[in-house]
file upload-v8.txt (compact mmCIF, C-alpha atoms)
# COMPACT_ATOMS: atom_id res chain seq x y z
CA MET Q 12 -52.12 40.53 -28.68
CA ILE Q 13 -55.79 41.00 -29.64
CA ALA Q 14 -56.85 38.31 -27.14
CA PHE Q 15 -54.88 40.10 -24.42
CA LEU Q 16 -56.63 43.40 -25.18
CA GLU Q 17 -60.04 41.72 -25.15
CA GLN Q 18 -59.29 40.23 -21.75
CA PHE Q 19 -58.21 43.55 -20.33
CA PRO Q 20 -60.53 46.32 -21.63
CA ALA Q 21 -58.76 48.85 -19.37
CA VAL Q 22 -55.66 48.35 -21.51
CA VAL Q 23 -57.70 49.31 -24.58
CA GLN Q 24 -59.05 52.35 -22.75
CA ALA Q 25 -55.52 53.32 -21.74
CA LEU Q 26 -54.36 52.88 -25.34
CA PHE Q 27 -57.06 55.17 -26.71
CA GLY Q 28 -56.58 57.65 -23.87
CA THR Q 29 -52.87 57.95 -24.54
CA LEU Q 30 -53.39 58.03 -28.31
CA PHE Q 31 -55.49 61.12 -27.59
CA THR Q 32 -52.69 62.71 -25.55
CA TRP Q 33 -50.22 61.90 -28.34
CA ALA Q 34 -52.61 63.49 -30.86
CA LEU Q 35 -52.57 66.74 -28.86
CA THR Q 36 -48.78 66.65 -28.93
CA ALA Q 37 -48.93 66.28 -32.70
CA LEU Q 38 -51.46 69.12 -32.93
CA GLY Q 39 -49.11 71.38 -31.02
CA ALA Q 40 -46.21 70.40 -33.24
CA ALA Q 41 -48.36 71.25 -36.27
CA GLY Q 42 -48.01 74.90 -35.28
CA VAL Q 43 -44.79 74.95 -37.31
CA PHE Q 44 -46.90 75.00 -40.47
CA LEU Q 45 -48.46 78.31 -39.40
CA LYS Q 46 -45.52 80.25 -37.99
CA LYS Q 47 -41.76 80.00 -37.99
CA GLU Q 48 -41.39 81.44 -34.49
CA ILE Q 49 -43.62 81.56 -31.42
CA ASN Q 50 -44.05 84.47 -29.05
CA HIS Q 51 -41.88 83.74 -26.02
CA GLN Q 52 -44.42 85.19 -23.60
CA LEU Q 53 -47.06 82.84 -24.95
CA LEU Q 54 -44.70 79.87 -24.86
CA ASP Q 55 -43.69 80.48 -21.25
CA THR Q 56 -47.31 80.89 -20.20
CA MET Q 57 -48.16 77.61 -21.91
CA LEU Q 58 -45.23 75.83 -20.28
CA GLY Q 59 -46.39 77.13 -16.91
CA PHE Q 60 -49.90 75.93 -17.73
CA ALA Q 61 -48.52 72.46 -18.51
CA GLY Q 62 -46.72 72.43 -15.17
CA GLY Q 63 -49.88 73.44 -13.31
CA VAL Q 64 -51.87 70.64 -14.95
CA MET Q 65 -49.25 68.08 -13.98
CA ILE Q 66 -49.07 69.29 -10.37
CA ALA Q 67 -52.86 69.11 -9.97
CA ALA Q 68 -53.05 65.72 -11.68
CA SER Q 69 -50.33 64.38 -9.40
CA PHE Q 70 -52.48 65.00 -6.36
CA TRP Q 71 -56.11 64.80 -7.45
CA SER Q 72 -55.77 61.91 -9.90
CA LEU Q 73 -52.84 59.95 -8.46
CA LEU Q 74 -51.72 60.58 -4.88
CA SER Q 75 -55.16 60.98 -3.35
CA PRO Q 76 -56.47 57.68 -4.82
CA ALA Q 77 -53.19 55.98 -3.88
CA ILE Q 78 -53.67 56.94 -0.23
CA ALA Q 79 -57.30 55.77 -0.31
CA MET Q 80 -56.35 52.42 -1.85
CA SER Q 81 -53.63 51.86 0.74
CA GLU Q 82 -56.31 51.12 3.33
CA GLU Q 83 -56.51 47.63 1.81
CA LEU Q 84 -52.87 46.93 2.66
CA ALA Q 85 -51.46 45.86 6.00
CA MET Q 86 -49.39 49.00 6.50
CA PRO Q 87 -49.91 52.70 7.33
CA VAL Q 88 -51.79 54.40 4.49
CA TRP Q 89 -49.03 56.94 3.91
CA VAL Q 90 -46.32 54.34 3.27
CA PRO Q 91 -47.21 53.25 -0.33
CA ALA Q 92 -47.77 56.84 -1.45
CA THR Q 93 -44.48 58.02 0.02
CA ILE Q 94 -42.43 55.11 -1.30
CA GLY Q 95 -44.01 55.24 -4.76
CA PHE Q 96 -43.65 59.03 -4.99
CA LEU Q 97 -39.95 58.98 -4.12
CA LEU Q 98 -39.29 56.02 -6.43
CA GLY Q 99 -40.99 57.85 -9.30
CA GLY Q 100 -38.82 60.92 -8.86
CA GLY Q 101 -35.72 58.79 -8.37
CA PHE Q 102 -36.43 56.80 -11.52
CA LEU Q 103 -36.76 59.98 -13.60
CA ARG Q 104 -33.56 61.31 -12.06
CA LEU Q 105 -31.79 58.10 -13.08
CA LEU Q 106 -33.09 58.38 -16.64
CA ASP Q 107 -32.17 62.07 -16.68
CA SER Q 108 -28.58 61.24 -15.74
CA LEU Q 109 -28.20 58.36 -18.19
CA LEU Q 110 -30.28 59.14 -21.27
CA PRO Q 111 -28.62 61.67 -23.57
CA HIS Q 112 -30.94 64.67 -24.11
CA LEU Q 113 -30.89 68.41 -24.66
CA HIS Q 114 -33.39 70.87 -23.23
CA VAL Q 115 -34.78 73.66 -25.39
CA GLY Q 116 -32.67 76.81 -25.14
CA GLU Q 117 -29.59 75.01 -23.80
CA ASP Q 118 -26.32 74.21 -25.56
CA HIS Q 119 -24.89 71.43 -23.42
CA PRO Q 120 -26.54 67.97 -23.49
CA GLU Q 121 -27.24 66.03 -20.30
CA GLY Q 122 -26.80 62.33 -19.69
CA LEU Q 123 -24.12 60.06 -21.05
CA LYS Q 124 -21.87 61.40 -23.78
CA THR Q 125 -23.06 60.56 -27.26
CA THR Q 126 -22.65 61.43 -30.91
CA TRP Q 127 -26.41 61.84 -31.41
CA ARG Q 128 -27.49 64.85 -33.41
CA ARG Q 129 -28.94 67.91 -31.68
CA ILE Q 130 -32.39 67.21 -33.10
CA THR Q 131 -32.40 63.71 -31.57
CA LEU Q 132 -31.31 65.08 -28.20
CA LEU Q 133 -34.13 67.65 -28.22
CA VAL Q 134 -36.71 64.96 -28.98
CA MET Q 135 -35.34 62.77 -26.20
CA ALA Q 136 -35.78 65.60 -23.68
CA ILE Q 137 -39.51 65.89 -24.43
CA THR Q 138 -39.82 62.09 -24.51
CA LEU Q 139 -38.59 62.06 -20.91
CA HIS Q 140 -41.47 64.42 -20.08
CA ASN Q 141 -44.06 62.30 -21.83
CA PHE Q 142 -43.25 58.88 -20.38
CA PRO Q 143 -44.62 59.58 -16.86
CA GLU Q 144 -47.68 61.27 -18.36
CA GLY Q 145 -48.58 58.19 -20.40
CA LEU Q 146 -47.86 55.99 -17.40
CA ALA Q 147 -50.18 58.08 -15.23
CA VAL Q 148 -53.07 57.75 -17.68
CA GLY Q 149 -52.57 54.00 -18.02
CA VAL Q 150 -52.41 53.45 -14.27
CA ALA Q 151 -55.55 55.56 -13.79
CA PHE Q 152 -57.53 53.39 -16.22
CA GLY Q 153 -56.12 50.28 -14.56
CA ALA Q 154 -57.23 51.54 -11.15
CA ALA Q 155 -60.76 52.15 -12.42
CA ALA Q 156 -60.93 48.65 -13.90
CA ALA Q 157 -59.70 47.15 -10.64
CA GLY Q 158 -62.91 48.36 -8.97
CA ILE Q 159 -61.25 50.76 -6.54
CA PRO Q 160 -63.97 53.04 -5.07
CA SER Q 161 -61.76 56.13 -5.23
CA ALA Q 162 -60.98 55.56 -8.93
CA SER Q 163 -63.33 55.81 -11.90
CA VAL Q 164 -63.22 55.74 -15.68
CA ALA Q 165 -64.50 59.33 -15.69
CA GLY Q 166 -61.56 60.34 -13.51
CA ALA Q 167 -59.13 58.57 -15.85
CA VAL Q 168 -60.75 60.33 -18.82
CA ALA Q 169 -60.39 63.66 -17.02
CA LEU Q 170 -56.70 62.91 -16.45
CA ALA Q 171 -56.20 62.01 -20.13
CA LEU Q 172 -57.97 65.22 -21.14
CA GLY Q 173 -55.83 67.34 -18.83
CA ILE Q 174 -52.59 65.67 -19.94
CA GLY Q 175 -53.65 66.07 -23.56
CA ILE Q 176 -54.29 69.79 -23.12
CA GLN Q 177 -50.87 70.38 -21.61
CA ASN Q 178 -49.22 68.27 -24.32
CA PHE Q 179 -50.13 70.90 -26.89
CA PRO Q 180 -47.47 73.39 -25.74
CA GLU Q 181 -44.94 70.60 -25.29
CA GLY Q 182 -45.32 69.54 -28.92
CA LEU Q 183 -44.94 73.16 -29.96
CA ALA Q 184 -41.95 73.64 -27.66
CA VAL Q 185 -39.95 70.89 -29.35
CA ALA Q 186 -41.04 71.52 -32.95
CA MET Q 187 -40.72 75.32 -33.07
CA PRO Q 188 -37.00 75.54 -32.14
CA LEU Q 189 -36.30 73.05 -34.94
CA ARG Q 190 -38.20 75.24 -37.37
CA THR Q 191 -36.03 78.25 -36.55
CA THR Q 192 -33.06 76.33 -37.96
CA ARG Q 193 -32.79 75.04 -41.51
CA ILE Q 194 -35.05 72.08 -40.83
CA SER Q 195 -38.21 72.01 -42.96
CA PRO Q 196 -41.70 72.45 -41.43
CA LEU Q 197 -42.54 68.83 -42.25
CA LYS Q 198 -39.47 67.44 -40.50
CA SER Q 199 -39.99 69.79 -37.54
CA PHE Q 200 -43.55 68.52 -37.19
CA TRP Q 201 -42.42 64.90 -37.54
CA TYR Q 202 -39.89 65.15 -34.74
CA GLY Q 203 -42.29 67.13 -32.57
CA GLN Q 204 -45.05 64.52 -32.70
CA LEU Q 205 -42.53 61.71 -32.42
CA SER Q 206 -41.73 62.80 -28.87
CA GLY Q 207 -45.29 61.92 -27.83
CA LEU Q 208 -45.35 58.38 -29.19
CA VAL Q 209 -43.90 57.04 -25.94
CA GLU Q 210 -47.18 57.87 -24.17
CA PRO Q 211 -49.30 55.04 -25.69
CA ILE Q 212 -46.51 52.60 -24.89
CA ALA Q 213 -46.26 53.79 -21.28
CA GLY Q 214 -50.05 53.87 -20.96
CA VAL Q 215 -50.52 50.26 -22.04
CA LEU Q 216 -47.69 49.09 -19.80
CA GLY Q 217 -49.09 50.99 -16.82
CA ALA Q 218 -52.64 49.66 -17.21
CA ALA Q 219 -51.48 46.07 -17.77
CA ALA Q 220 -49.11 46.15 -14.80
CA VAL Q 221 -51.70 47.27 -12.25
CA LEU Q 222 -54.26 44.76 -13.53
CA LEU Q 223 -51.81 41.90 -13.25
CA PHE Q 224 -50.36 43.02 -9.92
CA ARG Q 225 -53.17 44.79 -8.04
CA PRO Q 226 -51.24 45.18 -4.74
CA LEU Q 227 -48.84 47.41 -6.65
CA LEU Q 228 -51.61 49.86 -7.60
CA PRO Q 229 -51.10 52.45 -4.81
CA PHE Q 230 -47.36 52.35 -5.42
CA ALA Q 231 -47.86 52.71 -9.19
CA LEU Q 232 -50.16 55.72 -8.85
CA ALA Q 233 -47.72 57.45 -6.50
CA PHE Q 234 -44.81 56.48 -8.76
CA ALA Q 235 -46.44 58.26 -11.69
CA ALA Q 236 -47.10 61.29 -9.48
CA GLY Q 237 -43.49 61.47 -8.35
CA ALA Q 238 -42.25 61.20 -11.91
CA MET Q 239 -44.51 64.03 -13.06
CA ILE Q 240 -43.55 66.33 -10.17
CA PHE Q 241 -39.90 65.70 -11.03
CA VAL Q 242 -40.54 66.83 -14.61
CA VAL Q 243 -42.32 69.98 -13.45
CA VAL Q 244 -39.63 71.05 -10.99
CA GLU Q 245 -36.64 69.90 -13.03
CA ASP Q 246 -37.69 71.06 -16.49
CA LEU Q 247 -40.97 72.87 -17.08
CA VAL Q 248 -40.78 75.60 -14.43
CA PRO Q 249 -37.07 76.43 -14.95
CA GLU Q 250 -37.55 76.49 -18.74
CA SER Q 251 -40.53 78.84 -18.45
CA HIS Q 252 -38.37 81.27 -16.43
CA THR Q 253 -35.34 81.43 -18.73
CA ARG Q 254 -36.70 84.25 -20.89
CA GLY Q 255 -37.71 86.55 -18.04
CA ASN Q 256 -41.46 85.91 -18.18
CA VAL Q 257 -41.65 84.69 -14.58
CA HIS Q 258 -45.01 86.27 -13.72
CA LEU Q 259 -46.70 85.00 -16.88
CA ALA Q 260 -45.33 81.51 -16.27
CA THR Q 261 -46.58 81.62 -12.67
CA MET Q 262 -50.06 82.66 -13.78
CA GLY Q 263 -49.93 79.83 -16.30
CA VAL Q 264 -49.20 77.37 -13.47
CA MET Q 265 -52.14 78.71 -11.46
CA LEU Q 266 -54.48 78.46 -14.44
CA GLY Q 267 -53.31 74.97 -15.37
CA PHE Q 268 -53.72 73.74 -11.80
CA SER Q 269 -57.25 75.18 -11.65
CA VAL Q 270 -58.28 73.63 -14.98
CA MET Q 271 -57.03 70.16 -14.01
CA MET Q 272 -58.62 70.41 -10.56
CA VAL Q 273 -61.98 71.34 -12.08
CA LEU Q 274 -61.74 68.51 -14.62
CA ASP Q 275 -60.91 65.93 -11.99
CA VAL Q 276 -63.50 67.05 -9.43
CA ALA Q 277 -66.26 67.58 -12.00
CA LEU Q 278 -65.68 64.42 -14.03
CA GLY Q 279 -64.03 62.16 -11.45

call {"tool": "encode", "arguments": {"input": "upload-v8.txt", "output": "structure tokens"}}
result
Amino acid sequence: MIAFLEQFPAVVQALFGTLFTWALTALGAAGVFLKKEINHQLLDTMLGFAGGVMIAASFWSLLSPAIAMSEELAMPVWVPATIGFLLGGGFLRLLDSLLPHLHVGEDHPEGLKTTWRRITLLVMAITLHNFPEGLAVGVAFGAAAAGIPSASVAGAVALALGIGIQNFPEGLAVAMPLRTTRISPLKSFWYGQLSGLVEPIAGVLGAAAVLLFRPLLPFALAFAAGAMIFVVVEDLVPESHTRGNVHLATMGVMLGFSVMMVLDVALG
């Protein structure tokens, strides 16, 4: 394992990048030690912000480089981006229909029927969000290591930073509802941060895959973008609207998009 990491430094970069995004998830979950409940207006604004970051990252950090890289392939440049984007959304839809999970504020689980506890189902819902985010960071570092002109380590770092920032409210969103029940602050924090541990795994897999199979890189970038857009449209935006704070959530999306765009353009 160590020899593999030494051979592929981008995998190490992806690992540290996604450990950072997981740490921000844990930091958000740590909010349960300060308060038992969170202001719903603040939560919905933060969820909107997370959605805005993911939308911006999908284009600036993933789709745009994917289109640029497609010039190396013997096909129209729009083909890999389109195929990868649709496959990413389709893959998340498949997981969404199969993996048992429960969204915050809902009473009926989605996916296959199971006897899992409510707390496990809540964690699985956020884990579904975090997988494409970790994959996106890993693929971005892999693209930079592959020497693609439109990709850079600085751009991958900007993506990791943006994903990390929007992970803060996600960690809080899964830990705080647990705290409002009889679950202790420590257990609420544990389950909240646990939902982010999938990101380092996805990041390492994403970076290793594109290094080993470079022709797949444009498809992989677009795949990650499609998966993230699915999460935004399927989960984050609807959840931020359930408590009536539509305008705050919308402003959060605008702010999140702007922050991620600035990060990517300035650092990438």

call {"tool": "residues_around", "arguments": {"input": "upload-v8.txt", "residues": "Phe142 in chain Q", "least_positions_apart": "5", "cutoff": "8 Å", "atoms": "only C-alpha atoms", "output": "MDAnalysis selection string"}}
result
chainID Q and resid 209:210 213

call {"tool": "atom_distance", "arguments": {"input": "upload-v8.txt", "atom1": "CA of Glu250 in chain Q", "atom2": "CA of Gly237 in chain Q"}}
result
19.2 Å

call {"tool": "residues_around", "arguments": {"input": "upload-v8.txt", "residues": "Gln177 in chain Q", "least_positions_apart": "6", "cutoff": "9 Å", "atoms": "only C-alpha atoms", "output": "ChimeraX atom specification"}}
result
/Q:32,35-36,57-58,60-65,267

call {"tool": "atom_distance", "arguments": {"input": "upload-v8.txt", "atom1": "CA of Val43 in chain Q", "atom2": "CA of Asp55 in chain Q"}}
result
17.0 Å

call {"tool": "residues_around", "arguments": {"input": "upload-v8.txt", "residues": "Leu278 in chain Q", "least_positions_apart": "5", "cutoff": "12 Å", "atoms": "all atoms listed in the file", "output": "mmCIF file with C-alpha atoms, in the frame of the given file"}}
result
data_model
loop_
_atom_site.group_PDB
_atom_site.id
_atom_site.type_symbol
_atom_site.label_atom_id
_atom_site.label_comp_id
_atom_site.auth_asym_id
_atom_site.auth_seq_id
_atom_site.Cartn_x
_atom_site.Cartn_y
_atom_site.Cartn_z
ATOM 1 C CA TRP Q 71 -56.110 64.800 -7.450
ATOM 2 C CA SER Q 72 -55.770 61.910 -9.900
ATOM 3 C CA ALA Q 162 -60.980 55.560 -8.930
ATOM 4 C CA SER Q 163 -63.330 55.810 -11.900
ATOM 5 C CA VAL Q 164 -63.220 55.740 -15.680
ATOM 6 C CA ALA Q 165 -64.500 59.330 -15.690
ATOM 7 C CA GLY Q 166 -61.560 60.340 -13.510
ATOM 8 C CA ALA Q 167 -59.130 58.570 -15.850
ATOM 9 C CA VAL Q 168 -60.750 60.330 -18.820
ATOM 10 C CA ALA Q 169 -60.390 63.660 -17.020
ATOM 11 C CA LEU Q 170 -56.700 62.910 -16.450
ATOM 12 C CA ALA Q 171 -56.200 62.010 -20.130
ATOM 13 C CA LEU Q 172 -57.970 65.220 -21.140
ATOM 14 C CA GLY Q 173 -55.830 67.340 -18.830
ATOM 15 C CA VAL Q 270 -58.280 73.630 -14.980
ATOM 16 C CA MET Q 271 -57.030 70.160 -14.010
ATOM 17 C CA MET Q 272 -58.620 70.410 -10.560
ATOM 18 C CA VAL Q 273 -61.980 71.340 -12.080
#

call {"tool": "residues_around", "arguments": {"input": "upload-v8.txt", "residues": "Ala219 in chain Q", "least_positions_apart": "5", "cutoff": "9 Å", "atoms": "all atoms listed in the file", "output": "VMD selection string"}}
result
chain Q and resid 19 21 to 22 149 to 150 153 214 224

call {"tool": "decode", "arguments": {"input": "upload-v8.txt", "residues": "range 202-228 of chain Q", "atoms": "N, CA and C atoms", "output": "PDB file, in the first residue's frame"}}
result
ATOM      1  N   TYR Q 202     -21.913   9.979  14.901  1.00  0.00           N
ATOM      2  CA  TYR Q 202     -22.638   9.609  13.699  1.00  0.00           C
ATOM      3  C   TYR Q 202     -22.561  10.707  12.640  1.00  0.00           C
ATOM      4  N   GLY Q 203     -22.508  11.959  13.077  1.00  0.00           N
ATOM      5  CA  GLY Q 203     -22.403  13.057  12.131  1.00  0.00           C
ATOM      6  C   GLY Q 203     -21.103  13.021  11.348  1.00  0.00           C
ATOM      7  N   GLN Q 204     -19.982  12.848  12.053  1.00  0.00           N
ATOM      8  CA  GLN Q 204     -18.693  12.794  11.354  1.00  0.00           C
ATOM      9  C   GLN Q 204     -18.525  11.511  10.572  1.00  0.00           C
ATOM     10  N   LEU Q 205     -19.191  10.451  11.015  1.00  0.00           N
ATOM     11  CA  LEU Q 205     -19.076   9.161  10.343  1.00  0.00           C
ATOM     12  C   LEU Q 205     -19.579   9.239   8.905  1.00  0.00           C
ATOM     13  N   SER Q 206     -20.558  10.108   8.668  1.00  0.00           N
ATOM     14  CA  SER Q 206     -21.115  10.232   7.322  1.00  0.00           C
ATOM     15  C   SER Q 206     -20.103  10.772   6.322  1.00  0.00           C
ATOM     16  N   GLY Q 207     -19.049  11.437   6.809  1.00  0.00           N
ATOM     17  CA  GLY Q 207     -18.053  12.008   5.916  1.00  0.00           C
ATOM     18  C   GLY Q 207     -16.870  11.104   5.639  1.00  0.00           C
ATOM     19  N   LEU Q 208     -16.780   9.974   6.322  1.00  0.00           N
ATOM     20  CA  LEU Q 208     -15.626   9.093   6.147  1.00  0.00           C
ATOM     21  C   LEU Q 208     -15.572   8.441   4.773  1.00  0.00           C
ATOM     22  N   VAL Q 209     -16.680   8.451   4.051  1.00  0.00           N
ATOM     23  CA  VAL Q 209     -16.688   7.871   2.711  1.00  0.00           C
ATOM     24  C   VAL Q 209     -15.880   8.739   1.743  1.00  0.00           C
ATOM     25  N   GLU Q 210     -15.682  10.010   2.065  1.00  0.00           N
ATOM     26  CA  GLU Q 210     -15.001  10.913   1.137  1.00  0.00           C
ATOM     27  C   GLU Q 210     -13.535  10.526   0.897  1.00  0.00           C
ATOM     28  N   PRO Q 211     -12.727  10.237   1.929  1.00  0.00           N
ATOM     29  CA  PRO Q 211     -11.357   9.791   1.648  1.00  0.00           C
ATOM     30  C   PRO Q 211     -11.312   8.510   0.812  1.00  0.00           C
ATOM     31  N   ILE Q 212     -12.242   7.617   1.041  1.00  0.00           N
ATOM     32  CA  ILE Q 212     -12.280   6.378   0.260  1.00  0.00           C
ATOM     33  C   ILE Q 212     -12.577   6.696  -1.205  1.00  0.00           C
ATOM     34  N   ALA Q 213     -13.594   7.509  -1.439  1.00  0.00           N
ATOM     35  CA  ALA Q 213     -13.965   7.879  -2.809  1.00  0.00           C
ATOM     36  C   ALA Q 213     -12.858   8.689  -3.474  1.00  0.00           C
ATOM     37  N   GLY Q 214     -12.197   9.547  -2.696  1.00  0.00           N
ATOM     38  CA  GLY Q 214     -11.124  10.372  -3.249  1.00  0.00           C
ATOM     39  C   GLY Q 214      -9.953   9.546  -3.742  1.00  0.00           C
ATOM     40  N   VAL Q 215      -9.521   8.595  -2.945  1.00  0.00           N
ATOM     41  CA  VAL Q 215      -8.405   7.724  -3.323  1.00  0.00           C
ATOM     42  C   VAL Q 215      -8.772   6.886  -4.544  1.00  0.00           C
ATOM     43  N   LEU Q 216      -9.975   6.339  -4.557  1.00  0.00           N
ATOM     44  CA  LEU Q 216     -10.417   5.542  -5.697  1.00  0.00           C
ATOM     45  C   LEU Q 216     -10.476   6.382  -6.974  1.00  0.00           C
ATOM     46  N   GLY Q 217     -10.980   7.609  -6.846  1.00  0.00           N
ATOM     47  CA  GLY Q 217     -11.093   8.477  -8.019  1.00  0.00           C
ATOM     48  C   GLY Q 217      -9.738   8.843  -8.589  1.00  0.00           C
ATOM     49  N   ALA Q 218      -8.801   9.226  -7.725  1.00  0.00           N
ATOM     50  CA  ALA Q 218      -7.463   9.605  -8.196  1.00  0.00           C
ATOM     51  C   ALA Q 218      -6.746   8.417  -8.816  1.00  0.00           C
ATOM     52  N   ALA Q 219      -6.819   7.253  -8.176  1.00  0.00           N
ATOM     53  CA  ALA Q 219      -6.140   6.063  -8.698  1.00  0.00           C
ATOM     54  C   ALA Q 219      -6.726   5.633 -10.038  1.00  0.00           C
ATOM     55  N   ALA Q 220      -8.042   5.724 -10.175  1.00  0.00           N
ATOM     56  CA  ALA Q 220      -8.691   5.269 -11.403  1.00  0.00           C
ATOM     57  C   ALA Q 220      -8.266   6.100 -12.603  1.00  0.00           C
ATOM     58  N   VAL Q 221      -8.221   7.435 -12.440  1.00  0.00           N
ATOM     59  CA  VAL Q 221      -7.880   8.264 -13.599  1.00  0.00           C
ATOM     60  C   VAL Q 221      -6.397   8.179 -13.940  1.00  0.00           C
ATOM     61  N   LEU Q 222      -5.553   7.875 -12.960  1.00  0.00           N
ATOM     62  CA  LEU Q 222      -4.133   7.708 -13.246  1.00  0.00           C
ATOM     63  C   LEU Q 222      -3.868   6.392 -13.986  1.00  0.00           C
ATOM     64  N   LEU Q 223      -4.616   5.381 -13.636  1.00  0.00           N
ATOM     65  CA  LEU Q 223      -4.431   4.084 -14.267  1.00  0.00           C
ATOM     66  C   LEU Q 223      -5.108   4.009 -15.632  1.00  0.00           C
ATOM     67  N   PHE Q 224      -6.180   4.769 -15.788  1.00  0.00           N
ATOM     68  CA  PHE Q 224      -6.948   4.727 -17.045  1.00  0.00           C
ATOM     69  C   PHE Q 224      -7.189   6.151 -17.531  1.00  0.00           C
ATOM     70  N   ARG Q 225      -6.134   6.792 -18.023  1.00  0.00           N
ATOM     71  CA  ARG Q 225      -6.203   8.204 -18.417  1.00  0.00           C
ATOM     72  C   ARG Q 225      -7.314   8.512 -19.423  1.00  0.00           C
ATOM     73  N   PRO Q 226      -7.582   7.667 -20.427  1.00  0.00           N
ATOM     74  CA  PRO Q 226      -8.662   7.988 -21.367  1.00  0.00           C
ATOM     75  C   PRO Q 226     -10.023   8.176 -20.694  1.00  0.00           C
ATOM     76  N   LEU Q 227     -10.158   7.631 -19.476  1.00  0.00           N
ATOM     77  CA  LEU Q 227     -11.428   7.764 -18.771  1.00  0.00           C
ATOM     78  C   LEU Q 227     -11.570   9.112 -18.066  1.00  0.00           C
ATOM     79  N   LEU Q 228     -10.505   9.916 -18.046  1.00  0.00           N
ATOM     80  CA  LEU Q 228     -10.491  11.131 -17.247  1.00  0.00           C
ATOM     81  C   LEU Q 228     -11.641  12.090 -17.559  1.00  0.00           C
TER      82      LEU Q 228
END
